[in-house]
$ cat run.pdb   # PDB, C-alpha atoms, pLDDT in the B column
ATOM      1  CA  MET A   1       3.230  -9.564  46.469  1.00 51.00           C
ATOM      2  CA  SER A   2       2.405  -6.048  47.603  1.00 53.00           C
ATOM      3  CA  ASP A   3      -1.002  -4.411  47.203  1.00 54.00           C
ATOM      4  CA  ALA A   4       0.433  -2.013  44.560  1.00 53.00           C
ATOM      5  CA  THR A   5       1.690  -4.924  42.434  1.00 50.00           C
ATOM      6  CA  GLN A   6      -1.661  -6.715  42.622  1.00 51.00           C
ATOM      7  CA  SER A   7      -3.610  -3.682  41.427  1.00 53.00           C
ATOM      8  CA  ARG A   8      -1.302  -3.149  38.425  1.00 57.00           C
ATOM      9  CA  SER A   9      -1.351  -6.776  37.328  1.00 62.00           C
ATOM     10  CA  GLY A  10      -5.160  -6.770  37.068  1.00 73.00           C
ATOM     11  CA  ALA A  11      -5.337  -3.660  34.873  1.00 77.00           C
ATOM     12  CA  GLN A  12      -7.148  -4.018  31.570  1.00 80.00           C
ATOM     13  CA  THR A  13      -7.946  -1.647  28.749  1.00 80.00           C
ATOM     14  CA  PRO A  14     -11.603  -0.623  28.501  1.00 78.00           C
ATOM     15  CA  ASP A  15     -13.770  -2.459  25.962  1.00 81.00           C
ATOM     16  CA  ASP A  16     -14.693   0.147  23.370  1.00 80.00           C
ATOM     17  CA  SER A  17     -15.703  -2.313  20.628  1.00 80.00           C
ATOM     18  CA  SER A  18     -19.267  -0.985  20.752  1.00 83.00           C
ATOM     19  CA  GLN A  19     -17.961   2.124  18.933  1.00 84.00           C
ATOM     20  CA  VAL A  20     -16.761   0.099  15.909  1.00 82.00           C
ATOM     21  CA  THR A  21     -18.936   0.284  12.811  1.00 86.00           C
ATOM     22  CA  LEU A  22     -18.706  -1.881   9.708  1.00 84.00           C
ATOM     23  CA  ALA A  23     -19.637  -0.828   6.200  1.00 85.00           C
ATOM     24  CA  ALA A  24     -19.334  -2.240   2.709  1.00 84.00           C
ATOM     25  CA  ARG A  25     -15.834  -1.811   1.321  1.00 74.00           C
ATOM     26  CA  ALA A  26     -15.171   0.248  -1.762  1.00 70.00           C
ATOM     27  CA  GLU A  27     -14.401  -1.479  -5.052  1.00 70.00           C
ATOM     28  CA  GLN A  28     -11.451   0.843  -5.681  1.00 68.00           C
ATOM     29  CA  ALA A  29      -8.980   2.282  -3.239  1.00 67.00           C
ATOM     30  CA  GLY A  30      -7.704   5.102  -5.441  1.00 73.00           C
ATOM     31  CA  GLY A  31      -9.140   8.036  -7.244  1.00 78.00           C
ATOM     32  CA  THR A  32      -8.119  11.191  -9.031  1.00 83.00           C
ATOM     33  CA  ALA A  33      -5.819  12.312  -6.215  1.00 82.00           C
ATOM     34  CA  ALA A  34      -3.991   8.966  -6.271  1.00 82.00           C
ATOM     35  CA  ILE A  35      -3.520   9.157 -10.048  1.00 84.00           C
ATOM     36  CA  LEU A  36      -2.201  12.713  -9.843  1.00 87.00           C
ATOM     37  CA  SER A  37       0.153  11.750  -7.025  1.00 83.00           C
ATOM     38  CA  THR A  38       1.506   8.829  -9.056  1.00 85.00           C
ATOM     39  CA  LEU A  39       2.017  11.016 -12.141  1.00 86.00           C
ATOM     40  CA  HIS A  40       3.802  13.565  -9.956  1.00 85.00           C
ATOM     41  CA  GLU A  41       6.092  10.811  -8.667  1.00 83.00           C
ATOM     42  CA  ILE A  42       6.927   9.751 -12.237  1.00 86.00           C
ATOM     43  CA  ARG A  43       7.786  13.366 -13.107  1.00 85.00           C
ATOM     44  CA  ARG A  44       9.721  13.985  -9.890  1.00 83.00           C
ATOM     45  CA  ASN A  45      11.971  10.979 -10.441  1.00 80.00           C
ATOM     46  CA  ASP A  46      12.796  11.856 -14.073  1.00 79.00           C
ATOM     47  CA  THR A  47      11.494   8.437 -15.088  1.00 80.00           C
ATOM     48  CA  GLY A  48       9.707   9.651 -18.180  1.00 86.00           C
ATOM     49  CA  LEU A  49       5.972   9.283 -18.605  1.00 88.00           C
ATOM     50  CA  LEU A  50       5.913   6.242 -20.904  1.00 91.00           C
ATOM     51  CA  ARG A  51       8.722   4.381 -19.131  1.00 90.00           C
ATOM     52  CA  GLY A  52       7.185   5.140 -15.729  1.00 89.00           C
ATOM     53  CA  ILE A  53       3.748   3.898 -16.769  1.00 89.00           C
ATOM     54  CA  LYS A  54       5.212   0.773 -18.425  1.00 90.00           C
ATOM     55  CA  THR A  55       7.190   0.033 -15.265  1.00 88.00           C
ATOM     56  CA  LEU A  56       4.179   0.483 -12.971  1.00 88.00           C
ATOM     57  CA  LEU A  57       2.020  -1.771 -15.155  1.00 88.00           C
ATOM     58  CA  LYS A  58       4.503  -4.591 -14.412  1.00 88.00           C
ATOM     59  CA  VAL A  59       4.172  -4.226 -10.642  1.00 86.00           C
ATOM     60  CA  ASN A  60       2.626  -7.268  -8.926  1.00 84.00           C
ATOM     61  CA  GLN A  61       1.984  -8.996 -12.249  1.00 84.00           C
ATOM     62  CA  PRO A  62       2.854 -12.669 -12.907  1.00 82.00           C
ATOM     63  CA  GLU A  63       5.680 -11.748 -15.306  1.00 84.00           C
ATOM     64  CA  GLY A  64       6.561  -8.482 -13.576  1.00 85.00           C
ATOM     65  CA  VAL A  65       8.123  -7.384 -10.314  1.00 83.00           C
ATOM     66  CA  ASP A  66       6.863  -7.623  -6.748  1.00 83.00           C
ATOM     67  CA  CYS A  67       6.200  -4.325  -5.068  1.00 83.00           C
ATOM     68  CA  PRO A  68       8.579  -3.818  -2.125  1.00 80.00           C
ATOM     69  CA  GLY A  69       5.802  -2.014  -0.261  1.00 76.00           C
ATOM     70  CA  CYS A  70       3.222  -4.825  -0.360  1.00 77.00           C
ATOM     71  CA  ALA A  71       2.820  -6.880   2.778  1.00 70.00           C
ATOM     72  CA  TRP A  72       1.214  -9.946   1.210  1.00 68.00           C
ATOM     73  CA  PRO A  73       1.454 -11.893  -2.062  1.00 69.00           C
ATOM     74  CA  GLU A  74      -1.224 -11.529  -4.719  1.00 68.00           C
ATOM     75  CA  ALA A  75      -3.332 -14.527  -5.663  1.00 71.00           C
ATOM     76  CA  ALA A  76      -2.613 -16.029  -9.070  1.00 72.00           C
ATOM     77  CA  GLY A  77      -5.217 -15.085 -11.674  1.00 72.00           C
ATOM     78  CA  GLU A  78      -6.953 -12.486  -9.512  1.00 73.00           C
ATOM     79  CA  ARG A  79      -4.956  -9.433 -10.550  1.00 76.00           C
ATOM     80  CA  ASN A  80      -6.052  -6.211 -12.175  1.00 78.00           C
ATOM     81  CA  GLU A  81      -3.926  -4.299 -14.651  1.00 80.00           C
ATOM     82  CA  ILE A  82      -3.141  -1.762 -11.949  1.00 80.00           C
ATOM     83  CA  GLU A  83      -1.968  -3.557  -8.808  1.00 79.00           C
ATOM     84  CA  PHE A  84      -0.123  -0.902  -6.817  1.00 80.00           C
ATOM     85  CA  CYS A  85      -0.869   1.941  -4.452  1.00 81.00           C
ATOM     86  CA  GLU A  86       0.669   5.410  -4.215  1.00 81.00           C
ATOM     87  CA  ASN A  87       3.327   4.159  -1.804  1.00 83.00           C
ATOM     88  CA  GLY A  88       4.074   1.248  -4.124  1.00 83.00           C
ATOM     89  CA  ALA A  89       4.571   3.661  -7.027  1.00 84.00           C
ATOM     90  CA  LYS A  90       6.914   5.751  -4.906  1.00 83.00           C
ATOM     91  CA  ALA A  91       8.861   2.657  -3.862  1.00 84.00           C
ATOM     92  CA  ILE A  92       9.211   1.297  -7.394  1.00 84.00           C
ATOM     93  CA  LEU A  93      10.016   4.619  -9.032  1.00 83.00           C
ATOM     94  CA  GLY A  94      12.293   5.697  -6.205  1.00 78.00           C
ATOM     95  CA  VAL A  95      14.287   2.464  -6.236  1.00 54.00           C
ATOM     96  CA  HIS A  96      14.684   2.342 -10.023  1.00 47.00           C
ATOM     97  CA  PRO A  97      14.254   5.901 -11.300  1.00 42.00           C
ATOM     98  CA  SER A  98      16.409   5.425 -14.405  1.00 44.00           C
ATOM     99  CA  SER A  99      17.382   1.766 -14.569  1.00 44.00           C
ATOM    100  CA  HIS A 100      15.321   0.808 -17.639  1.00 43.00           C
TER     101      HIS A 100
END

$ encode --input "run.pdb" --output "C-alpha cells"
Amino acid sequence: MSDATQSRSGAQTPDDSSQVTLAARAEQAGGTAAILSTLHEIRRNDTGLLRGIKTLLKVNQPEGVDCPGCAWPEAAGERNEIEFCENGAKAILGVHPSSH
C-alpha cells in the first residue's frame, strides 16, 4: 500500500457533537401558517372545503386511509383528530383531488 492510500484510509470527519443542543419538543408541529397552507391546497385542487376537510380528517385514522407521506405507522389508540402534516395534505389532496 502506498503512503497516499494509507493517509486516505485513516481520514475521519471531525467530531462536532459538542455543538448539538437539546431542548424540550413542542406539543404541536403546526400553526397558523400550516393551516393556511392546507386550506390553500384544498382550494388549489378544487376539492371543495367540506370534502377536503372530511378527507383529511380520515388520514391516519383507524378507519381511514394511511398517508402516503408518512414514514412510520401510527400507534393504535394514540391518535389525534388531525394526524397529518402539510406535505401529507398535499399528497392526499393531490392524489385524490376529486375522487370522492

$ residues_near_point --input "run.pdb" --point "(5.5, 3.7, -4.1)" --cutoff "12 Å" --atoms "only C-alpha atoms" --output "MDAnalysis selection string"
chainID A and resid 34 37:42 45 52 55:56 59 66:70 83:97

$ axis_aligned_box --input "run.pdb" --around "region 30-44 of chain A" --padding-each-side "3 Å" --output "JSON"
{"center_x": 0.3, "center_y": 9.5, "center_z": -9.3, "size_x": 24.9, "size_y": 14.9, "size_z": 13.7}

$ residues_around --input "run.pdb" --residues "Gln61 (chain A)" --least-positions-apart "3" --cutoff "8 Å" --atoms "all atoms listed in the file" --output "count of residues only"
8

$ atom_distance --input "run.pdb" --atom1 "CA of Gly77 (chain A)" --atom2 "CA of Ala23 (chain A)"
27.0 Å

$ atom_distance --input "run.pdb" --atom1 "CA of Thr32 (chain A)" --atom2 "CA of Glu78 (chain A)"
23.7 Å

$ atom_distance --input "run.pdb" --atom1 "CA of Thr21 (chain A)" --atom2 "CA of Asn80 (chain A)"
28.9 Å

$ closest_residue --input "run.pdb" --among "A:Ala75, A:Ile82, A:Leu36, A:Leu22" --to "Lys54 (chain A)" --atoms "only C-alpha atoms"
A:Ile82
